[in-house]
$ cat structure.txt   # compact mmCIF, C-alpha atoms
# COMPACT_ATOMS: atom_id res chain seq x y z
CA MET N 1 167.37 13.52 81.88
CA SER N 2 164.42 11.20 82.46
CA THR N 3 164.09 7.80 80.83
CA LEU N 4 160.99 5.83 80.01
CA LYS N 5 160.41 2.74 82.10
CA PRO N 6 159.83 -0.44 80.11
CA ALA N 7 156.18 -1.37 79.97
CA THR N 8 154.98 -4.37 81.92
CA VAL N 9 153.33 -6.82 79.56
CA ARG N 10 149.90 -7.83 80.80
CA ARG N 11 147.87 -10.88 79.95
CA VAL N 12 145.08 -10.25 77.43
CA ALA N 13 141.80 -11.92 78.24
CA VAL N 14 139.19 -13.03 75.73
CA ILE N 15 135.88 -12.23 77.44
CA GLY N 16 133.37 -13.27 74.77
CA GLY N 17 132.18 -12.77 71.23
CA SER N 18 129.17 -11.88 69.16
CA ARG N 19 128.30 -12.43 65.52
CA VAL N 20 125.35 -12.50 63.22
CA PRO N 21 124.55 -15.83 61.53
CA PHE N 22 126.53 -16.05 58.31
CA ALA N 23 124.47 -16.08 55.10
CA ARG N 24 125.18 -17.13 51.54
CA SER N 25 125.72 -14.19 49.21
CA ASP N 26 122.67 -12.78 47.43
CA GLY N 27 120.47 -14.29 50.11
CA PRO N 28 118.91 -12.86 53.31
CA TYR N 29 121.62 -10.20 53.67
CA ALA N 30 121.67 -9.16 50.00
CA THR N 31 120.78 -5.57 50.91
CA ALA N 32 122.67 -5.42 54.21
CA SER N 33 125.76 -3.24 54.27
CA ASN N 34 129.01 -4.00 56.06
CA GLN N 35 128.14 -1.33 58.58
CA GLU N 36 124.66 -2.71 59.25
CA MET N 37 125.94 -6.25 59.87
CA LEU N 38 128.89 -5.09 61.97
CA THR N 39 126.60 -2.85 64.04
CA ALA N 40 124.27 -5.78 64.72
CA ALA N 41 127.18 -7.94 65.89
CA LEU N 42 128.57 -5.11 68.04
CA ASP N 43 125.19 -4.34 69.63
CA GLY N 44 124.86 -8.01 70.55
CA LEU N 45 128.15 -7.74 72.44
CA VAL N 46 127.16 -4.43 74.05
CA ASP N 47 123.91 -5.91 75.34
CA ARG N 48 125.46 -9.14 76.57
CA TYR N 49 128.27 -7.50 78.53
CA ASP N 50 126.55 -4.25 79.54
CA LEU N 51 128.87 -1.97 77.57
CA GLN N 52 126.42 0.91 77.06
CA GLN N 53 127.88 3.21 79.70
CA PRO N 54 130.47 5.90 78.85
CA GLY N 55 134.02 4.61 78.62
CA ALA N 56 133.05 0.96 78.88
CA VAL N 57 135.72 0.02 76.35
CA ASP N 58 138.65 2.06 75.11
CA GLU N 59 138.71 1.20 71.43
CA PHE N 60 137.01 -0.56 68.52
CA VAL N 61 139.15 -2.12 65.78
CA ALA N 62 137.56 -3.71 62.73
CA GLY N 63 137.72 -3.95 58.98
CA ALA N 64 136.30 -5.32 55.76
CA VAL N 65 137.89 -6.69 52.61
CA LEU N 66 135.17 -5.74 50.12
CA LYS N 67 134.62 -2.06 50.94
CA HIS N 68 132.65 0.71 49.29
CA SER N 69 134.06 4.21 49.39
CA ARG N 70 131.39 4.93 52.00
CA ASP N 71 133.11 2.37 54.24
CA PHE N 72 136.36 4.34 54.40
CA ASN N 73 135.78 4.87 58.14
CA LEU N 74 133.79 1.68 58.76
CA ALA N 75 134.80 1.01 62.35
CA ARG N 76 134.09 4.54 63.56
CA GLU N 77 130.78 4.79 61.70
CA THR N 78 129.77 1.45 63.22
CA VAL N 79 130.44 2.80 66.71
CA LEU N 80 128.34 5.89 65.98
CA GLY N 81 125.45 3.73 64.81
CA SER N 82 125.66 1.28 67.70
CA ARG N 83 124.77 1.31 71.39
CA LEU N 84 128.44 1.62 72.32
CA ASP N 85 129.51 4.97 73.75
CA PRO N 86 129.90 7.32 70.74
CA ARG N 87 133.07 8.68 72.34
CA THR N 88 134.80 5.33 71.74
CA PRO N 89 137.72 5.75 69.27
CA ALA N 90 137.80 3.34 66.34
CA TYR N 91 139.94 2.54 63.33
CA ASP N 92 139.97 0.20 60.35
CA ILE N 93 142.42 -2.58 59.54
CA GLN N 94 142.66 -4.93 56.54
CA GLN N 95 144.70 -8.03 55.76
CA ALA N 96 142.39 -10.01 53.49
CA CYS N 97 141.03 -13.13 55.23
CA GLY N 98 143.32 -12.44 58.20
CA THR N 99 141.64 -9.10 58.92
CA GLY N 100 139.56 -10.24 61.89
CA LEU N 101 142.47 -11.92 63.65
CA GLN N 102 144.81 -9.02 62.92
CA ALA N 103 142.21 -6.68 64.44
CA VAL N 104 142.27 -8.86 67.56
CA VAL N 105 146.07 -8.74 67.63
CA ALA N 106 146.13 -4.95 67.21
CA ALA N 107 143.69 -4.47 70.08
CA ALA N 108 145.50 -7.03 72.24
CA ASN N 109 148.86 -5.34 71.85
CA LYS N 110 147.59 -2.09 73.38
CA ILE N 111 145.98 -3.95 76.26
CA ALA N 112 149.17 -5.94 76.86
CA LEU N 113 151.22 -2.73 77.03
CA GLY N 114 148.77 -1.00 79.36
CA GLN N 115 147.71 1.59 76.80
CA THR N 116 144.10 0.42 76.98
CA ASP N 117 142.11 -1.76 79.37
CA ALA N 118 139.43 -3.15 77.07
CA ALA N 119 138.68 -3.20 73.36
CA VAL N 120 136.39 -4.78 70.80
CA ALA N 121 137.82 -6.21 67.57
CA GLY N 122 136.35 -7.90 64.53
CA GLY N 123 135.23 -7.49 60.97
CA SER N 124 132.46 -7.63 58.41
CA ASP N 125 132.13 -8.55 54.76
CA THR N 126 129.39 -8.77 52.19
CA ALA N 127 129.91 -10.59 48.91
CA SER N 128 126.34 -9.60 47.96
CA ASP N 129 127.02 -5.87 48.04
CA ALA N 130 130.50 -5.91 46.53
CA PRO N 131 131.51 -2.48 45.22
CA LEU N 132 131.28 -1.93 41.46
CA GLY N 133 134.06 0.26 40.14
CA VAL N 134 133.76 2.87 37.42
CA ASN N 135 135.09 1.61 34.11
CA ASP N 136 138.70 2.80 33.96
CA ASP N 137 138.29 4.44 30.54
CA LEU N 138 135.22 6.31 31.81
CA ARG N 139 137.12 7.36 34.91
CA LYS N 140 139.84 8.93 32.78
CA VAL N 141 137.25 10.83 30.74
CA LEU N 142 135.50 12.11 33.87
CA LEU N 143 138.79 13.21 35.41
CA GLU N 144 139.70 15.02 32.20
CA ALA N 145 136.35 16.81 32.32
CA ARG N 146 136.86 17.77 35.95
CA ARG N 147 140.26 19.26 35.20
CA ALA N 148 138.97 21.26 32.24
CA LYS N 149 139.17 25.04 32.74
CA THR N 150 136.31 26.04 30.43
CA LEU N 151 132.83 24.76 29.65
CA GLY N 152 133.88 24.03 26.09
CA ALA N 153 136.82 21.92 27.18
CA ARG N 154 134.59 20.09 29.64
CA LEU N 155 132.00 19.29 26.95
CA LYS N 156 134.76 18.18 24.57
CA ALA N 157 136.03 15.72 27.17
CA LEU N 158 132.54 14.37 27.94
CA ALA N 159 131.93 13.86 24.21
CA LYS N 160 134.51 11.06 24.39
CA VAL N 161 132.16 8.88 26.44
CA ARG N 162 131.18 5.70 24.57
CA PRO N 163 128.56 3.02 25.41
CA GLY N 164 131.32 0.58 26.38
CA HIS N 165 132.48 3.00 29.05
CA LEU N 166 129.25 2.43 30.97
CA VAL N 167 130.10 -1.21 31.72
CA PRO N 168 131.27 -1.26 35.39
CA ASP N 169 134.38 -2.98 36.71
CA ILE N 170 133.06 -5.96 38.65
CA PRO N 171 135.25 -7.31 41.51
CA ARG N 172 136.90 -10.61 40.64
CA ASN N 173 138.00 -13.33 43.02
CA ALA N 174 141.44 -13.37 41.45
CA GLU N 175 144.96 -12.51 42.51
CA PRO N 176 146.16 -9.41 40.59
CA ARG N 177 149.66 -10.89 40.18
CA THR N 178 148.55 -14.18 38.64
CA GLY N 179 144.98 -13.70 37.42
CA LEU N 180 144.03 -16.99 39.09
CA SER N 181 141.16 -17.25 41.55
CA MET N 182 141.81 -18.46 45.06
CA GLY N 183 140.13 -21.75 44.15
CA GLU N 184 142.42 -22.26 41.16
CA HIS N 185 145.45 -21.55 43.33
CA ALA N 186 144.17 -24.04 45.90
CA ALA N 187 143.72 -26.64 43.16
CA VAL N 188 147.40 -26.30 42.23
CA THR N 189 148.35 -26.82 45.87
CA ALA N 190 145.99 -29.79 46.24
CA ARG N 191 147.68 -31.55 43.32
CA ALA N 192 151.15 -30.72 44.64
CA TRP N 193 150.38 -32.24 48.04
CA GLY N 194 148.42 -35.18 46.64
CA VAL N 195 145.26 -34.30 48.55
CA SER N 196 142.52 -36.77 47.62
CA ARG N 197 138.90 -36.01 46.80
CA GLU N 198 137.70 -38.44 49.47
CA ALA N 199 139.76 -36.77 52.21
CA GLN N 200 138.37 -33.37 51.23
CA ASP N 201 134.79 -34.59 51.28
CA GLU N 202 135.31 -36.26 54.65
CA LEU N 203 136.61 -33.00 56.13
CA ALA N 204 133.71 -31.02 54.64
CA ALA N 205 131.05 -33.42 55.89
CA ALA N 206 132.60 -33.41 59.35
CA SER N 207 132.56 -29.61 59.44
CA HIS N 208 128.80 -29.52 58.81
CA GLN N 209 128.11 -32.30 61.28
CA LYS N 210 130.15 -30.69 64.05
CA LEU N 211 128.60 -27.25 63.49
CA ALA N 212 125.12 -28.78 63.58
CA ALA N 213 125.91 -30.61 66.82
CA ALA N 214 127.23 -27.40 68.37
CA TYR N 215 124.01 -25.56 67.53
CA GLU N 216 121.89 -28.42 68.86
CA ARG N 217 123.60 -28.38 72.25
CA GLY N 218 123.21 -24.60 72.54
CA PHE N 219 126.90 -23.79 72.16
CA PHE N 220 126.23 -20.66 70.09
CA GLN N 221 123.46 -19.29 72.30
CA ASP N 222 125.72 -16.56 73.69
CA LEU N 223 127.83 -16.13 70.55
CA VAL N 224 125.28 -15.63 67.75
CA VAL N 225 122.60 -12.91 67.59
CA PRO N 226 119.65 -13.34 65.17
CA PHE N 227 119.68 -11.00 62.19
CA ARG N 228 117.27 -10.51 59.30
CA GLY N 229 115.33 -13.67 60.03
CA LEU N 230 118.34 -15.96 60.49
CA ALA N 231 119.21 -17.64 63.78
CA ARG N 232 121.73 -20.12 62.35
CA ASP N 233 124.36 -20.04 59.65
CA GLN N 234 122.54 -20.43 56.36
CA ASN N 235 125.20 -22.55 54.72
CA LEU N 236 124.87 -25.26 57.38
CA ARG N 237 123.78 -28.64 56.01
CA PRO N 238 123.29 -30.86 59.10
CA GLY N 239 122.77 -34.01 57.08
CA SER N 240 125.85 -33.67 54.91
CA THR N 241 127.51 -36.99 54.12
CA VAL N 242 130.59 -38.02 52.21
CA ALA N 243 128.38 -39.90 49.75
CA GLU N 244 126.34 -36.78 48.96
CA LEU N 245 129.44 -34.64 48.55
CA ALA N 246 131.04 -37.26 46.33
CA ALA N 247 128.23 -36.76 43.78
CA LEU N 248 129.18 -33.11 43.16
CA GLN N 249 131.15 -32.13 40.09
CA PRO N 250 134.56 -30.42 40.42
CA VAL N 251 134.58 -26.66 39.90
CA PHE N 252 138.28 -25.79 40.36
CA GLY N 253 141.38 -27.19 38.69
CA LEU N 254 139.45 -28.35 35.64
CA GLY N 255 142.47 -27.71 33.44
CA GLY N 256 144.54 -30.29 35.29
CA PRO N 257 144.32 -34.05 35.74
CA GLU N 258 141.64 -35.50 38.04
CA PRO N 259 140.25 -32.29 39.61
CA THR N 260 139.04 -32.80 43.19
CA MET N 261 137.67 -29.46 44.41
CA THR N 262 133.89 -28.98 44.37
CA ALA N 263 131.40 -26.45 45.70
CA GLY N 264 130.86 -28.86 48.60
CA ASN N 265 134.46 -28.98 49.80
CA SER N 266 135.07 -25.26 49.14
CA THR N 267 133.78 -22.28 51.10
CA PRO N 268 130.89 -20.36 49.50
CA LEU N 269 130.79 -16.59 49.08
CA THR N 270 129.28 -15.34 52.33
CA ASP N 271 127.91 -12.27 54.12
CA GLY N 272 128.34 -11.67 57.86
CA ALA N 273 130.07 -9.92 60.74
CA ALA N 274 131.72 -10.91 64.03
CA VAL N 275 133.35 -9.18 66.99
CA VAL N 276 135.18 -10.23 70.15
CA LEU N 277 135.67 -8.49 73.52
CA LEU N 278 139.24 -8.33 74.86
CA ALA N 279 140.38 -6.91 78.19
CA SER N 280 142.98 -6.86 80.91
CA GLU N 281 142.47 -9.16 83.90
CA GLU N 282 141.89 -6.12 86.11
CA TRP N 283 139.10 -4.82 83.86
CA ALA N 284 137.42 -8.22 83.86
CA GLU N 285 137.71 -8.55 87.63
CA ARG N 286 136.18 -5.13 88.23
CA ARG N 287 133.16 -6.20 86.19
CA GLY N 288 132.87 -9.64 87.65
CA LEU N 289 133.61 -11.35 84.34
CA GLU N 290 135.59 -14.56 84.05
CA PRO N 291 137.87 -14.66 81.00
CA LEU N 292 137.24 -17.55 78.64
CA ALA N 293 140.91 -17.72 77.67
CA TYR N 294 144.01 -15.59 77.15
CA LEU N 295 145.70 -14.57 73.91
CA THR N 296 149.36 -15.44 74.47
CA ALA N 297 151.11 -15.55 71.09
CA TYR N 298 150.59 -14.62 67.46
CA GLU N 299 152.54 -14.69 64.23
CA THR N 300 152.14 -13.64 60.62
CA ALA N 301 153.90 -14.93 57.54
CA ALA N 302 153.83 -14.59 53.77
CA VAL N 303 154.94 -16.71 50.82
CA ASP N 304 156.08 -15.79 47.33
CA PHE N 305 153.21 -17.41 45.45
CA VAL N 306 154.20 -15.63 42.24
CA HIS N 307 157.85 -16.67 41.85
CA GLY N 308 158.33 -19.14 44.68
CA ASP N 309 158.16 -22.93 44.86
CA VAL N 310 154.52 -23.15 43.84
CA ALA N 311 154.62 -26.32 41.73
CA ASP N 312 155.80 -28.40 44.70
CA GLY N 313 153.26 -26.78 47.00
CA GLU N 314 155.71 -25.05 49.32
CA ASP N 315 154.69 -21.52 48.35
CA GLY N 316 151.07 -22.01 47.34
CA LEU N 317 148.82 -19.00 47.76
CA LEU N 318 147.27 -20.27 51.01
CA MET N 319 150.32 -21.96 52.54
CA ALA N 320 151.75 -19.15 54.70
CA PRO N 321 150.46 -20.77 57.95
CA ALA N 322 152.81 -23.66 57.18
CA TYR N 323 155.62 -21.23 57.98
CA ALA N 324 153.92 -19.04 60.59
CA VAL N 325 152.89 -21.83 62.97
CA PRO N 326 156.32 -23.53 63.34
CA ARG N 327 157.92 -20.12 63.80
CA MET N 328 155.35 -19.11 66.44
CA LEU N 329 155.69 -22.40 68.31
CA GLU N 330 159.47 -22.15 68.37
CA ARG N 331 159.31 -18.61 69.71
CA ALA N 332 156.80 -19.65 72.38
CA GLY N 333 158.70 -22.78 73.32
CA LEU N 334 155.74 -25.02 72.43
CA GLY N 335 155.13 -28.11 70.34
CA LEU N 336 151.98 -29.10 68.50
CA ASP N 337 151.42 -31.82 71.12
CA ASP N 338 150.99 -29.03 73.69
CA PHE N 339 147.64 -28.07 72.15
CA ASP N 340 144.32 -29.51 73.22
CA LEU N 341 142.38 -27.84 70.39
CA VAL N 342 143.32 -26.72 66.89
CA GLU N 343 141.32 -24.31 64.72
CA VAL N 344 142.31 -24.17 61.05
CA HIS N 345 140.24 -21.84 58.86
CA GLU N 346 138.61 -23.92 56.15
CA ALA N 347 138.89 -21.77 53.05
CA PHE N 348 138.99 -25.07 51.18
CA ALA N 349 139.18 -28.61 52.52
CA SER N 350 142.24 -29.17 50.32
CA GLN N 351 144.01 -26.17 51.86
CA VAL N 352 143.43 -27.48 55.40
CA LEU N 353 144.80 -30.91 54.49
CA ALA N 354 147.79 -29.43 52.67
CA THR N 355 148.58 -27.24 55.70
CA LEU N 356 148.43 -30.23 58.06
CA ALA N 357 150.75 -32.16 55.75
CA ALA N 358 153.15 -29.21 55.53
CA TRP N 359 153.36 -28.97 59.33
CA GLU N 360 154.33 -32.63 59.46
CA LYS N 361 156.95 -32.07 56.76
CA ARG N 362 158.43 -29.34 58.94
CA GLY N 363 158.79 -31.73 61.86
CA LEU N 364 155.54 -31.13 63.74
CA PRO N 365 153.51 -34.17 64.86
CA PRO N 366 150.22 -35.03 63.13
CA VAL N 367 147.18 -33.12 64.34
CA ASP N 368 144.70 -35.37 66.12
CA ARG N 369 141.49 -34.94 64.10
CA ALA N 370 139.49 -35.30 67.32
CA ARG N 371 140.96 -31.92 68.32
CA LEU N 372 140.43 -30.15 64.98
CA ASN N 373 137.64 -27.59 64.49
CA LEU N 374 135.41 -29.11 67.17
CA ALA N 375 132.45 -26.82 66.49
CA GLY N 376 132.81 -26.86 62.71
CA SER N 377 134.49 -24.15 60.68
CA SER N 378 134.28 -22.16 57.48
CA LEU N 379 133.15 -24.97 55.16
CA ALA N 380 129.96 -25.14 57.23
CA THR N 381 129.61 -21.60 58.61
CA GLY N 382 130.69 -19.81 55.47
CA HIS N 383 133.47 -17.23 55.28
CA PRO N 384 132.74 -13.48 55.30
CA PHE N 385 136.40 -12.63 54.81
CA ALA N 386 137.06 -10.08 57.56
CA ALA N 387 134.67 -11.71 60.05
CA THR N 388 136.26 -15.16 60.21
CA GLY N 389 139.10 -14.28 62.59
CA ALA N 390 136.81 -12.94 65.31
CA ARG N 391 134.46 -15.91 64.84
CA ILE N 392 137.30 -18.35 65.39
CA VAL N 393 138.76 -16.51 68.41
CA ALA N 394 135.40 -16.42 70.20
CA THR N 395 134.59 -20.03 69.31
CA LEU N 396 137.96 -21.40 70.40
CA ALA N 397 137.95 -19.38 73.63
CA LYS N 398 134.56 -20.80 74.58
CA LEU N 399 135.60 -24.34 73.64
CA LEU N 400 138.60 -24.01 75.96
CA ALA N 401 136.42 -22.63 78.76
CA GLU N 402 133.96 -25.50 78.37
CA ARG N 403 136.66 -28.01 79.18
CA ASP N 404 136.88 -26.56 82.71
CA ALA N 405 140.57 -27.43 82.84
CA PRO N 406 143.84 -25.85 81.78
CA GLY N 407 144.22 -25.99 78.03
CA ARG N 408 145.72 -24.45 74.95
CA GLY N 409 144.32 -23.78 71.48
CA LEU N 410 145.96 -22.99 68.14
CA ILE N 411 144.49 -20.73 65.43
CA SER N 412 145.64 -20.85 61.81
CA ILE N 413 144.17 -18.59 59.12
CA CYS N 414 145.34 -18.35 55.51
CA ALA N 415 144.74 -15.17 53.54
CA ALA N 416 144.79 -13.81 50.01
CA GLY N 417 148.07 -12.35 48.83
CA GLY N 418 149.95 -15.40 50.10
CA GLN N 419 149.65 -14.45 53.78
CA GLY N 420 148.85 -16.23 57.02
CA VAL N 421 147.87 -15.12 60.53
CA THR N 422 148.17 -17.48 63.49
CA ALA N 423 147.66 -17.23 67.24
CA VAL N 424 147.61 -19.14 70.53
CA LEU N 425 144.86 -19.04 73.16
CA GLU N 426 145.41 -20.47 76.64
CA ARG N 427 143.26 -21.20 79.65
CA PRO N 428 145.35 -21.55 82.83
$ encode --input "structure.txt" --output "structure tokens"
Amino acid sequence: MSTLKPATVRRVAVIGGSRVPFARSDGPYATASNQEMLTAALDGLVDRYDLQQPGAVDEFVAGAVLKHSRDFNLARETVLGSRLDPRTPAYDIQQACGTGLQAVVAAANKIALGQTDAAVAGGSDTASDAPLGVNDDLRKVLLEARRAKTLGARLKALAKVRPGHLVPDIPRNAEPRTGLSMGEHAAVTARAWGVSREAQDELAAASHQKLAAAYERGFFQDLVVPFRGLARDQNLRPGSTVAELAALQPVFGLGGPEPTMTAGNSTPLTDGAAVVLLASEEWAERRGLEPLAYLTAYETAAVDFVHGDVADGEDGLLMAPAYAVPRMLERAGLGLDDFDLVEVHEAFASQVLATLAAWEKRGLPPVDRARLNLAGSSLATGHPFAATGARIVATLAKLLAERDAPGRGLISICAAGGQGVTAVLERP
């Protein structure tokens, strides 16, 4: 009787990334589909790393949060419309705002176990082209008509259609379990953790300033491909200052005392796509490519934001990274002081600050702000939900490579549904 030999775990290299500039919803990409944006990002990667030949990579993993029915096979259709070998297998994945990073993790696991040598992972989302659902009452009538056995029965069912049935179901930025938007949930957490308006505006202004500086020094030259007339992220405001942000009126938490969250310290609805190339060291060596960094650890977590300790901030909708990061660091035998760079997805400035405070409450040292989101983050770039993870992985990997020294970077992404996805990148 034969037995399977345990697989040797290989290091997973981050080779590079590609994304289209992110655009505000209903702007330059208003008529661009998820597939079109994701294809543009993928083709940028194919061209940059000469991936046109058959079998260049083994798999493509990607997803979107806001998907039309036509996007049911988004990753595979993107491959077929791109310059990647059409024989490349592909599949979709979705975990709200953590989709892009989970796609990276899924691809990395196969590489680590020797099942594949190279893969592309990422995601795309368009808030402009969000799917409109059929009114539920109309859907029931149409299904009744479809099931009818005779023409008379079918006409009788269709006669039930009323003008109100023609109003579509429009997607809402709200949690089904609570009915609250992500911003309203974040406002509850901001109050619970005592996050000030000034601190939020300072973080938001810094995000824009750091992203602008990164563009000016050419950091994104090999990470961003022009698309539909944009060469930079449209949401970027290089001259943002705390004083300007302080003049904005609050938009979330208006039902509570002293609301602090504004359009300026919250992420706008955004369209865009991003991908990242992962590979084994052997694959990279054969192609003469130097890895930017290695993906060495990852962790997911979830909180009970419906029945949990929400009032005190412990189980706020976006607080799962407060649990995932300490757990990941303990498993990896690392402390927060072991990290040279930290990337925290900026869904809201208040959520970033609450997460940093929660880490400290759990015994981790304060994060040095000089190491936080060095090239800006979602407050400045925008946040196409499924694209953010790949954007952050590629950005952090390049930031580590730029240092030209051994280093380690932490990734923390919160997600709808009370979830969080975190990871560690290292450069030996």
$ residues_around --input "structure.txt" --residues "Val367 of chain N" --least-positions-apart "4" --cutoff "8 Å" --atoms "all atoms listed in the file" --output "MDAnalysis selection string"
chainID N and resid 336 342 356 371:372
$ residues_around --input "structure.txt" --residues "Ala301 of chain N" --least-positions-apart "3" --cutoff "7 Å" --atoms "all atoms listed in the file" --output "ChimeraX atom specification"
/N:320-321,323-324,419-421
$ write_last_selection --input "structure.txt" --atoms "C-alpha atoms" --output "compact mmCIF listing (two decimals), keeping the file's coordinate frame"
# COMPACT_ATOMS: atom_id res chain seq x y z
CA ALA N 320 151.75 -19.15 54.70
CA PRO N 321 150.46 -20.77 57.95
CA TYR N 323 155.62 -21.23 57.98
CA ALA N 324 153.92 -19.04 60.59
CA GLN N 419 149.65 -14.45 53.78
CA GLY N 420 148.85 -16.23 57.02
CA VAL N 421 147.87 -15.12 60.53
$ residues_around --input "structure.txt" --residues "Thr8 of chain N" --least-positions-apart "4" --cutoff "9 Å" --atoms "only C-alpha atoms" --output "NGL selection string"
:N and (112-114)
$ residues_around --input "structure.txt" --residues "segment 286-291 of chain N" --least-positions-apart "5" --cutoff "6 Å" --atoms "only C-alpha atoms" --output "ChimeraX atom specification"
/N:13-15
$ write_last_selection --input "structure.txt" --atoms "C-alpha atoms" --output "PDB file, in the frame of the given file"
ATOM      1  CA  ALA N  13     141.800 -11.920  78.240  1.00  0.00           C
ATOM      2  CA  VAL N  14     139.190 -13.030  75.730  1.00  0.00           C
ATOM      3  CA  ILE N  15     135.880 -12.230  77.440  1.00  0.00           C
TER       4      ILE N  15
END
$ atom_distance --input "structure.txt" --atom1 "atom CA of Thr422 of chain N" --atom2 "atom CA of Tyr298 of chain N"
5.5 Å
$ residues_around --input "structure.txt" --residues "segment 17-21 of chain N" --least-positions-apart "2" --cutoff "6 Å" --atoms "only C-alpha atoms" --output "short mmCIF file (atom, residue, chain, number, x, y, z; two decimals) with C-alpha atoms, in the coordinates of the input"
data_model
loop_
_atom_site.label_atom_id
_atom_site.label_comp_id
_atom_site.auth_asym_id
_atom_site.auth_seq_id
_atom_site.Cartn_x
_atom_site.Cartn_y
_atom_site.Cartn_z
CA ALA N 41 127.18 -7.94 65.89
CA GLY N 44 124.86 -8.01 70.55
CA LEU N 45 128.15 -7.74 72.44
CA LEU N 223 127.83 -16.13 70.55
CA VAL N 224 125.28 -15.63 67.75
CA VAL N 225 122.60 -12.91 67.59
CA PHE N 227 119.68 -11.00 62.19
CA ARG N 232 121.73 -20.12 62.35
CA ASP N 233 124.36 -20.04 59.65
CA ALA N 273 130.07 -9.92 60.74
CA ALA N 274 131.72 -10.91 64.03
CA VAL N 275 133.35 -9.18 66.99
CA VAL N 276 135.18 -10.23 70.15
CA LEU N 277 135.67 -8.49 73.52
CA ALA N 394 135.40 -16.42 70.20
#
